[in-house]
>>> print(open('input_2.csv').read())   # CSV, C-alpha atoms
chain,number,residue,atom,x,y,z
T,206,MET,CA,0.0,0.0,0.0
T,207,LEU,CA,1.3,3.4,-1.0
T,208,THR,CA,0.0,6.6,0.6
T,209,THR,CA,0.8,10.3,0.7
T,210,LEU,CA,1.5,11.5,4.2
T,211,HIS,CA,-0.1,14.8,4.9
T,212,THR,CA,2.4,16.2,7.4
T,213,ALA,CA,5.6,18.2,7.6
T,214,TYR,CA,8.7,16.1,7.0
T,215,SER,CA,10.0,16.2,10.6
T,216,ASP,CA,13.1,14.0,10.5
T,217,THR,CA,15.0,15.6,7.7
T,218,ARG,CA,18.4,14.1,8.4
T,219,ALA,CA,19.4,10.5,8.5
T,220,ALA,CA,21.5,11.3,11.7
T,221,ASP,CA,18.3,12.4,13.5
T,222,LEU,CA,16.9,8.8,13.6
T,223,ALA,CA,16.8,7.1,16.9
T,224,TRP,CA,15.9,3.5,17.9
T,225,ALA,CA,13.8,2.4,20.9
T,226,LEU,CA,12.1,-0.8,22.1
T,227,GLY,CA,9.0,-0.9,24.2
T,228,ARG,CA,7.5,2.5,23.5
T,229,GLU,CA,3.8,2.9,23.6
T,230,PRO,CA,2.0,3.4,20.3
T,231,LEU,CA,2.7,6.8,18.9
T,232,PRO,CA,0.2,8.8,16.7
T,233,ALA,CA,0.3,7.2,13.2
T,234,LEU,CA,-0.4,8.8,9.8
T,235,ALA,CA,-0.9,5.4,8.1
T,236,VAL,CA,-1.3,1.9,9.5
T,237,LEU,CA,-1.3,-1.6,8.0
T,238,ASP,CA,-2.6,-4.5,10.2
T,239,LEU,CA,-1.3,-8.0,9.4
T,240,ASP,CA,-1.8,-11.5,10.7
T,241,LEU,CA,1.4,-13.4,10.1
T,242,ALA,CA,1.6,-17.0,11.3
T,243,GLY,CA,-0.6,-16.3,14.3
T,244,ALA,CA,1.1,-13.1,15.2
T,245,SER,CA,-0.6,-9.8,15.0
T,246,LEU,CA,1.7,-7.2,13.4
T,247,GLN,CA,0.9,-3.5,12.9
T,248,LEU,CA,3.1,-1.5,10.6
T,249,ARG,CA,2.8,2.2,11.5
T,250,LEU,CA,4.1,5.2,9.6
T,251,LEU,CA,4.8,8.2,11.8
T,252,GLY,CA,5.4,11.8,10.9
T,253,ALA,CA,8.9,11.0,12.2
T,254,SER,CA,9.4,7.6,10.5
T,255,HIS,CA,8.1,4.2,11.7
T,256,GLN,CA,6.8,2.0,14.5
T,257,VAL,CA,6.1,-1.7,14.5
T,258,LEU,CA,3.9,-3.4,17.1
T,259,LEU,CA,4.0,-7.2,17.3
T,260,GLU,CA,1.6,-9.1,19.5
T,261,GLU,CA,1.4,-12.9,20.0
T,262,ASP,CA,0.5,-15.3,22.7
T,263,ARG,CA,4.1,-15.1,24.1
T,264,GLY,CA,3.8,-11.3,24.5
T,265,THR,CA,4.4,-8.0,22.7
T,266,CYS,CA,7.2,-6.2,21.1
T,267,SER,CA,7.3,-2.5,20.0
T,268,GLU,CA,10.1,-1.1,17.8
T,269,THR,CA,10.3,2.5,17.0
T,270,VAL,CA,12.8,4.1,14.6
T,271,ALA,CA,12.1,7.8,14.4
T,272,CYS,CA,13.2,11.3,15.3
T,273,ILE,CA,12.4,11.0,19.0
T,274,PRO,CA,12.8,14.3,20.9
T,275,GLY,CA,15.0,13.8,23.9
T,276,SER,CA,16.1,10.3,22.9
T,277,SER,CA,19.6,9.4,24.0
T,278,THR,CA,19.6,6.2,21.9
T,279,PRO,CA,20.9,6.9,18.4
T,280,LEU,CA,20.3,4.4,15.6
T,281,PRO,CA,22.5,1.4,16.3
T,282,LEU,CA,24.2,-0.7,13.6
T,283,GLY,CA,23.0,-3.8,15.4
T,284,VAL,CA,21.1,-5.0,18.4
T,285,SER,CA,20.4,-8.5,19.7
T,286,LYS,CA,18.1,-8.8,22.8
T,287,ARG,CA,16.0,-11.3,24.6
T,288,ILE,CA,12.4,-10.1,25.0
T,289,GLY,CA,10.5,-12.7,27.1
T,290,ASP,CA,10.5,-15.9,25.0
T,291,TRP,CA,11.7,-14.1,21.9
T,292,GLU,CA,15.1,-13.3,20.3
T,293,TYR,CA,15.0,-9.8,18.8
T,294,GLU,CA,17.7,-8.9,16.2
T,295,PHE,CA,17.9,-5.5,14.6
T,296,ALA,CA,20.4,-4.1,12.0
T,297,ALA,CA,20.7,-0.8,10.3
T,298,ARG,CA,22.9,0.7,7.6
T,299,VAL,CA,23.1,3.9,5.7
T,300,GLU,CA,23.4,3.9,1.9
T,301,ASN,CA,25.0,7.1,0.4
T,302,LEU,CA,23.8,7.5,-3.2
T,303,SER,CA,24.3,9.9,-6.1
T,304,ARG,CA,21.2,11.9,-7.2
T,305,GLY,CA,20.5,9.7,-10.2
T,306,SER,CA,21.1,6.5,-8.2
T,307,PHE,CA,18.9,7.8,-5.4
T,308,ALA,CA,15.9,8.4,-7.7
T,309,GLY,CA,16.2,5.0,-9.3
T,310,ARG,CA,16.5,3.2,-6.0
T,311,ALA,CA,13.6,5.2,-4.5
T,312,GLN,CA,11.3,4.3,-7.5
T,313,GLU,CA,12.4,0.6,-7.2
T,314,LEU,CA,11.6,0.4,-3.5
T,315,LEU,CA,8.3,2.3,-3.7
T,316,ALA,CA,7.1,0.0,-6.5
T,317,LEU,CA,8.2,-3.1,-4.5
T,318,VAL,CA,6.4,-2.1,-1.4
T,319,ALA,CA,3.3,-0.5,-2.9
T,320,ASP,CA,2.4,-3.7,-4.7
T,321,HIS,CA,3.1,-6.1,-1.8
T,322,PRO,CA,0.3,-7.3,0.4
T,323,ASN,CA,2.5,-6.9,3.5
T,324,GLY,CA,4.0,-3.6,2.5
T,325,LEU,CA,3.3,0.0,3.6
T,326,ALA,CA,4.9,3.1,2.2
T,327,GLY,CA,4.3,6.8,2.6
T,328,THR,CA,5.7,9.7,0.7
T,329,PHE,CA,6.2,13.1,2.4
T,330,PRO,CA,5.3,16.5,0.8
T,331,GLY,CA,8.1,18.3,-1.0
T,332,SER,CA,9.8,15.4,-2.8
T,333,PRO,CA,8.5,12.2,-4.4
T,334,TYR,CA,11.6,10.5,-3.1
T,335,ALA,CA,11.1,11.5,0.6
T,336,PHE,CA,9.5,8.4,2.0
T,337,THR,CA,9.3,5.7,4.6
T,338,ALA,CA,8.6,2.2,3.5
T,339,MET,CA,8.0,-1.1,5.4
T,340,LEU,CA,7.7,-4.7,4.3
T,341,ALA,CA,6.9,-7.7,6.6
T,342,GLN,CA,7.0,-11.5,6.3
T,343,SER,CA,7.0,-14.6,8.4
T,344,ASP,CA,8.6,-17.9,8.1
T,345,GLY,CA,9.5,-20.8,10.4
T,346,GLY,CA,8.0,-19.2,13.5
T,347,GLN,CA,9.8,-15.9,12.9
T,348,VAL,CA,8.5,-12.5,11.9
T,349,ARG,CA,10.7,-10.2,9.9
T,350,TRP,CA,10.4,-6.7,8.6
T,351,ARG,CA,12.5,-4.3,6.6
T,352,THR,CA,12.3,-0.6,6.5
T,353,TRP,CA,13.7,2.2,4.3
T,354,HIS,CA,13.9,5.8,5.3
T,355,ALA,CA,14.7,8.1,2.4
T,356,TYR,CA,16.5,11.5,2.7
T,357,PRO,CA,16.8,12.8,-0.9
T,358,GLN,CA,18.3,16.1,0.2
T,359,GLU,CA,21.3,14.2,1.6
T,360,GLY,CA,21.3,11.3,-0.9
T,361,ARG,CA,21.0,8.9,2.0
T,362,LEU,CA,18.8,5.9,2.5
T,363,VAL,CA,18.6,4.3,5.9
T,364,VAL,CA,17.8,0.6,5.7
T,365,THR,CA,16.8,-1.5,8.7
T,366,ARG,CA,16.2,-5.3,9.1
T,367,THR,CA,14.5,-6.8,12.1
T,368,ARG,CA,13.9,-10.4,13.1
T,369,VAL,CA,11.8,-11.6,16.0
T,370,GLY,CA,11.7,-15.3,16.7
T,371,VAL,CA,11.1,-17.9,19.5
T,372,ARG,CA,14.2,-18.3,21.6
T,373,MET,CA,15.6,-21.8,21.2
T,374,PRO,CA,16.7,-23.6,24.4
T,375,ALA,CA,20.4,-24.1,24.7
T,376,VAL,CA,21.6,-27.5,23.5
T,377,LEU,CA,24.0,-29.2,25.9
>>> encode(input="input_2.csv", output="structure tokens")
Amino acid sequence: MLTTLHTAYSDTRAADLAWALGREPLPALAVLDLDLAGASLQLRLLGASHQVLLEEDRGTCSETVACIPGSSTPLPLGVSKRIGDWEYEFAARVENLSRGSFAGRAQELLALVADHPNGLAGTFPGSPYAFTAMLAQSDGGQVRWRTWHAYPQEGRLVVTRTRVGVRMPAVL
């Protein structure tokens, strides 16, 4: 699903993104509710980027990657945590692209997510390439999502990958 987000583009630099686990739901501009292998997943586009809410019998998980006023947790390159019975893994990277490459990559990503039943993308006013996009899937008892946060004025694309799965007992 592709939508236009009617709000000011509030996180205008890739370096402004922060990461947080366990935040309460923030006001969303667009939402996609999914049922993936018995897990309820909500993809949320915020005025300041994204939030994912995962709920299952084992518990809940909330991931926020956004411009969070007062946050002291910058966007990490990687995180691995235990959340109840789950293993949570997060990775982020920044792609620096030329103007021409950025436009092509943006079009490719928006087309991929817009046509995917588990995808949500929103473009911000001012540039067709200022967007946040999210894509979710599940396999083998794991839920995964990828996100893309585009900063055309910088030529930067922030890409994240998250995996949440059942923690396996240690084998002795």
>>> residues_around(input="input_2.csv", residues="Arg366 (chain T)", least_positions_apart="5", cutoff="8 Å", atoms="only C-alpha atoms", output="MDAnalysis selection string")
chainID T and resid 295:297 349:352
>>> residues_around(input="input_2.csv", residues="Gln347 (chain T)", least_positions_apart="3", cutoff="8 Å", atoms="all atoms listed in the file", output="PyMOL selection string")
chain T and resi 343-344+368-371
>>> closest_residue(input="input_2.csv", among="T:Gln358, T:Leu314, T:Gly309, T:Thr367", to="Ser332 (chain T)", atoms="only C-alpha atoms")
T:Gln358
>>> residues_around(input="input_2.csv", residues="Thr212 (chain T)", least_positions_apart="5", cutoff="9 Å", atoms="all atoms listed in the file", output="list in words")
Leu234, Gly252, Phe329 and Pro330 of chain T
>>> write_last_selection(input="input_2.csv", atoms="C-alpha atoms", output="compact mmCIF listing (two decimals), in the coordinates of the input")
# COMPACT_ATOMS: atom_id res chain seq x y z
CA LEU T 234 -0.40 8.80 9.80
CA GLY T 252 5.40 11.80 10.90
CA PHE T 329 6.20 13.10 2.40
CA PRO T 330 5.30 16.50 0.80
>>> closest_residue(input="input_2.csv", among="T:Val348, T:Met206, T:Val299, T:Val270", to="Ala319 (chain T)", atoms="all atoms listed in the file")
T:Met206
>>> closest_residue(input="input_2.csv", among="T:Ala271, T:Leu239, T:Gly305, T:Trp224", to="Leu258 (chain T)", atoms="all atoms listed in the file")
T:Leu239
>>> atom_distance(input="input_2.csv", atom1="CA of Arg263 (chain T)", atom2="CA of Leu241 (chain T)")
14.4 Å
>>> residues_near_point(input="input_2.csv", point="(10.5, -0.7, 24.0)", cutoff="12 Å", atoms="all atoms listed in the file", output="list in words")
Trp224, Ala225, Leu226, Gly227, Arg228, Glu229, Pro230, Leu231, Gln256, Val257, Leu258, Leu259, Thr265, Cys266, Ser267, Glu268, Thr269, Val270, Thr278, Lys286, Arg287, Ile288 and Tyr293 of chain T
>>> atom_distance(input="input_2.csv", atom1="CA of Gly360 (chain T)", atom2="CA of Gly327 (chain T)")
17.9 Å
>>> atom_distance(input="input_2.csv", atom1="CA of Asp290 (chain T)", atom2="CA of Gly264 (chain T)")
8.1 Å
>>> closest_residue(input="input_2.csv", among="T:His255, T:Thr209, T:Asp238, T:Leu222", to="Ala335 (chain T)", atoms="all atoms listed in the file")
T:Thr209
>>> closest_residue(input="input_2.csv", among="T:Leu280, T:Pro274, T:Met339, T:Arg304", to="Leu248 (chain T)", atoms="all atoms listed in the file")
T:Met339
>>> closest_residue(input="input_2.csv", among="T:Gly346, T:Leu207, T:Ala244, T:Leu340", to="Glu292 (chain T)", atoms="all atoms listed in the file")
T:Gly346
>>> build_atoms(input="input_2.csv", residues="region 332-358 of chain T", atoms="N, CA, C and O atoms", output="short mmCIF file (atom, residue, chain, number, x, y, z; two decimals), in the frame of the given file")
data_model
loop_
_atom_site.label_atom_id
_atom_site.label_comp_id
_atom_site.auth_asym_id
_atom_site.auth_seq_id
_atom_site.Cartn_x
_atom_site.Cartn_y
_atom_site.Cartn_z
N SER T 332 8.95 16.19 -1.93
CA SER T 332 9.80 15.40 -2.80
C SER T 332 9.12 14.02 -3.00
O SER T 332 8.75 13.39 -2.00
N PRO T 333 9.02 13.52 -4.23
CA PRO T 333 8.50 12.20 -4.40
C PRO T 333 9.38 11.09 -3.87
O PRO T 333 8.97 9.95 -3.72
N TYR T 334 10.62 11.47 -3.57
CA TYR T 334 11.60 10.50 -3.10
C TYR T 334 11.83 10.62 -1.57
O TYR T 334 12.71 9.96 -1.03
N ALA T 335 11.06 11.46 -0.87
CA ALA T 335 11.10 11.50 0.60
C ALA T 335 10.03 10.56 1.08
O ALA T 335 8.85 10.83 0.96
N PHE T 336 10.45 9.42 1.59
CA PHE T 336 9.50 8.40 2.00
C PHE T 336 9.99 7.53 3.11
O PHE T 336 11.19 7.50 3.40
N THR T 337 9.05 6.82 3.71
CA THR T 337 9.30 5.70 4.60
C THR T 337 8.56 4.53 4.07
O THR T 337 7.38 4.66 3.73
N ALA T 338 9.22 3.38 3.99
CA ALA T 338 8.60 2.20 3.50
C ALA T 338 8.88 1.00 4.39
O ALA T 338 9.96 0.94 4.99
N MET T 339 7.91 0.08 4.48
CA MET T 339 8.00 -1.10 5.40
C MET T 339 7.50 -2.32 4.66
O MET T 339 6.51 -2.24 3.94
N LEU T 340 8.14 -3.44 4.91
CA LEU T 340 7.70 -4.70 4.30
C LEU T 340 7.91 -5.80 5.35
O LEU T 340 8.98 -5.91 5.95
N ALA T 341 6.87 -6.62 5.59
CA ALA T 341 6.90 -7.70 6.60
C ALA T 341 6.71 -9.04 6.00
O ALA T 341 6.09 -9.18 4.95
N GLN T 342 7.21 -10.07 6.70
CA GLN T 342 7.00 -11.50 6.30
C GLN T 342 7.19 -12.35 7.51
O GLN T 342 7.73 -11.92 8.54
N SER T 343 6.75 -13.58 7.38
CA SER T 343 7.00 -14.60 8.40
C SER T 343 7.39 -15.88 7.79
O SER T 343 6.97 -16.18 6.68
N ASP T 344 8.25 -16.60 8.49
CA ASP T 344 8.60 -17.90 8.10
C ASP T 344 9.23 -18.69 9.22
O ASP T 344 9.96 -18.10 10.02
N GLY T 345 8.88 -19.94 9.35
CA GLY T 345 9.50 -20.80 10.40
C GLY T 345 9.35 -20.26 11.80
O GLY T 345 10.29 -20.36 12.57
N GLY T 346 8.20 -19.67 12.14
CA GLY T 346 8.00 -19.20 13.50
C GLY T 346 8.70 -17.85 13.78
O GLY T 346 8.80 -17.43 14.92
N GLN T 347 9.19 -17.20 12.73
CA GLN T 347 9.80 -15.90 12.90
C GLN T 347 9.08 -14.85 12.11
O GLN T 347 8.52 -15.13 11.06
N VAL T 348 9.08 -13.65 12.64
CA VAL T 348 8.50 -12.50 11.90
C VAL T 348 9.66 -11.57 11.62
O VAL T 348 10.53 -11.32 12.46
N ARG T 349 9.67 -11.10 10.39
CA ARG T 349 10.70 -10.20 9.90
C ARG T 349 10.13 -8.99 9.28
O ARG T 349 9.07 -9.09 8.67
N TRP T 350 10.83 -7.87 9.40
CA TRP T 350 10.40 -6.70 8.60
C TRP T 350 11.66 -5.90 8.25
O TRP T 350 12.70 -5.96 8.89
N ARG T 351 11.50 -5.22 7.13
CA ARG T 351 12.50 -4.30 6.60
C ARG T 351 11.93 -2.95 6.47
O ARG T 351 10.74 -2.83 6.18
N THR T 352 12.76 -1.95 6.66
CA THR T 352 12.30 -0.60 6.50
C THR T 352 13.32 0.22 5.68
O THR T 352 14.52 -0.11 5.69
N TRP T 353 12.81 1.25 5.01
CA TRP T 353 13.70 2.20 4.30
C TRP T 353 13.20 3.58 4.58
O TRP T 353 12.01 3.90 4.47
N HIS T 354 14.13 4.41 4.97
CA HIS T 354 13.90 5.80 5.30
C HIS T 354 14.70 6.66 4.35
O HIS T 354 15.94 6.58 4.38
N ALA T 355 14.04 7.42 3.50
CA ALA T 355 14.70 8.10 2.40
C ALA T 355 14.94 9.61 2.76
O ALA T 355 14.02 10.29 3.22
N TYR T 356 16.14 10.08 2.48
CA TYR T 356 16.50 11.50 2.70
C TYR T 356 17.14 12.01 1.40
O TYR T 356 18.36 12.05 1.24
N PRO T 357 16.28 12.39 0.44
CA PRO T 357 16.80 12.80 -0.90
C PRO T 357 17.69 14.01 -0.82
O PRO T 357 18.62 14.12 -1.64
N GLN T 358 17.46 14.93 0.10
CA GLN T 358 18.30 16.10 0.20
C GLN T 358 19.72 15.79 0.59
O GLN T 358 20.64 16.55 0.29
#
